[in-house]
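What follows is structure_20.pdb (PDB, C-alpha atoms, pLDDT in the B column).
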ATOM      1  CA  MET R   1      24.859  34.916  29.848  1.00 67.00           C
ATOM      2  CA  PRO R   2      24.403  37.417  32.702  1.00 77.00           C
ATOM      3  CA  ILE R   3      22.055  36.726  35.589  1.00 70.00           C
ATOM      4  CA  ASP R   4      19.331  39.254  36.272  1.00 74.00           C
ATOM      5  CA  ILE R   5      19.403  40.789  39.766  1.00 72.00           C
ATOM      6  CA  ASP R   6      15.854  39.542  40.362  1.00 73.00           C
ATOM      7  CA  GLU R   7      16.983  35.982  39.632  1.00 73.00           C
ATOM      8  CA  ILE R   8      19.723  36.086  42.294  1.00 71.00           C
ATOM      9  CA  ALA R   9      17.158  36.158  45.107  1.00 70.00           C
ATOM     10  CA  ASP R  10      15.395  33.169  43.550  1.00 72.00           C
ATOM     11  CA  LEU R  11      18.646  31.158  43.568  1.00 73.00           C
ATOM     12  CA  GLU R  12      18.935  31.339  47.355  1.00 75.00           C
ATOM     13  CA  THR R  13      16.350  28.662  48.141  1.00 80.00           C
ATOM     14  CA  PRO R  14      17.574  25.963  45.702  1.00 82.00           C
ATOM     15  CA  VAL R  15      21.189  26.516  46.748  1.00 81.00           C
ATOM     16  CA  ALA R  16      20.295  26.317  50.444  1.00 83.00           C
ATOM     17  CA  ASN R  17      18.188  23.192  49.876  1.00 86.00           C
ATOM     18  CA  THR R  18      20.985  21.496  47.955  1.00 88.00           C
ATOM     19  CA  GLY R  19      23.460  22.308  50.729  1.00 87.00           C
ATOM     20  CA  ALA R  20      21.105  20.995  53.399  1.00 88.00           C
ATOM     21  CA  ILE R  21      20.502  17.773  51.483  1.00 89.00           C
ATOM     22  CA  ARG R  22      24.257  17.214  51.054  1.00 90.00           C
ATOM     23  CA  ALA R  23      24.847  17.811  54.768  1.00 90.00           C
ATOM     24  CA  LEU R  24      22.115  15.341  55.726  1.00 89.00           C
ATOM     25  CA  GLU R  25      23.554  12.747  53.356  1.00 90.00           C
ATOM     26  CA  GLN R  26      26.902  13.030  55.135  1.00 89.00           C
ATOM     27  CA  VAL R  27      25.271  12.711  58.570  1.00 90.00           C
ATOM     28  CA  ALA R  28      23.316   9.652  57.455  1.00 89.00           C
ATOM     29  CA  ASP R  29      26.443   8.027  55.997  1.00 89.00           C
ATOM     30  CA  HIS R  30      28.443   8.587  59.175  1.00 91.00           C
ATOM     31  CA  THR R  31      25.604   7.368  61.387  1.00 92.00           C
ATOM     32  CA  CYS R  32      25.325   4.170  59.362  1.00 91.00           C
ATOM     33  CA  GLU R  33      29.082   3.620  59.617  1.00 92.00           C
ATOM     34  CA  TYR R  34      29.024   4.148  63.403  1.00 93.00           C
ATOM     35  CA  ILE R  35      26.136   1.728  63.881  1.00 93.00           C
ATOM     36  CA  THR R  36      27.849  -0.878  61.702  1.00 93.00           C
ATOM     37  CA  ALA R  37      31.088  -0.502  63.668  1.00 93.00           C
ATOM     38  CA  ILE R  38      29.269  -0.866  67.004  1.00 92.00           C
ATOM     39  CA  VAL R  39      27.480  -4.000  65.812  1.00 92.00           C
ATOM     40  CA  ILE R  40      30.740  -5.534  64.598  1.00 92.00           C
ATOM     41  CA  MET R  41      32.527  -4.683  67.862  1.00 91.00           C
ATOM     42  CA  THR R  42      29.758  -6.122  70.042  1.00 91.00           C
ATOM     43  CA  LYS R  43      29.585  -9.349  68.028  1.00 89.00           C
ATOM     44  CA  GLN R  44      33.344  -9.889  68.415  1.00 81.00           C
ATOM     45  CA  LYS R  45      33.173  -9.947  72.216  1.00 63.00           C
TER
END

The structure in this file should be written as structure tokens.
Amino acid sequence: MPIDIDEIADLETPVANTGAIRALEQVADHTCEYITAIVIMTKQK
């Protein structure tokens, strides 16, 4: 099923939003891991 040229411009926003959400999920995951590691390290001392 071919995509109409007019529909291509409409795809830009959902694709960009999905990419931004995925990137923020990764940042949040890494931040949580860093905080957990810092808490564990400070409790061991």

### Query
How far is it from CA of Thr31 (chain R) to CA of Glu12 (chain R), in Å with one decimal?
28.6 Å

### Atom pair CA of Leu24 (chain R) / CA of Met41 (chain R): separation (Å)
25.6 Å

Box along x, y and z, 6 Å on every side, all listed atoms of region 1-16 of chain R inside: centre and edge lengths in Å to one decimal, as lines of an AutoDock Vina configuration file.
center_x = 20.1
center_y = 33.4
center_z = 40.1
size_x = 21.5
size_y = 26.8
size_z = 32.6

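When CA of Asn17 (chain R) is paired with CA of Thr36 (chain R), their separation reads 28.5 Å.
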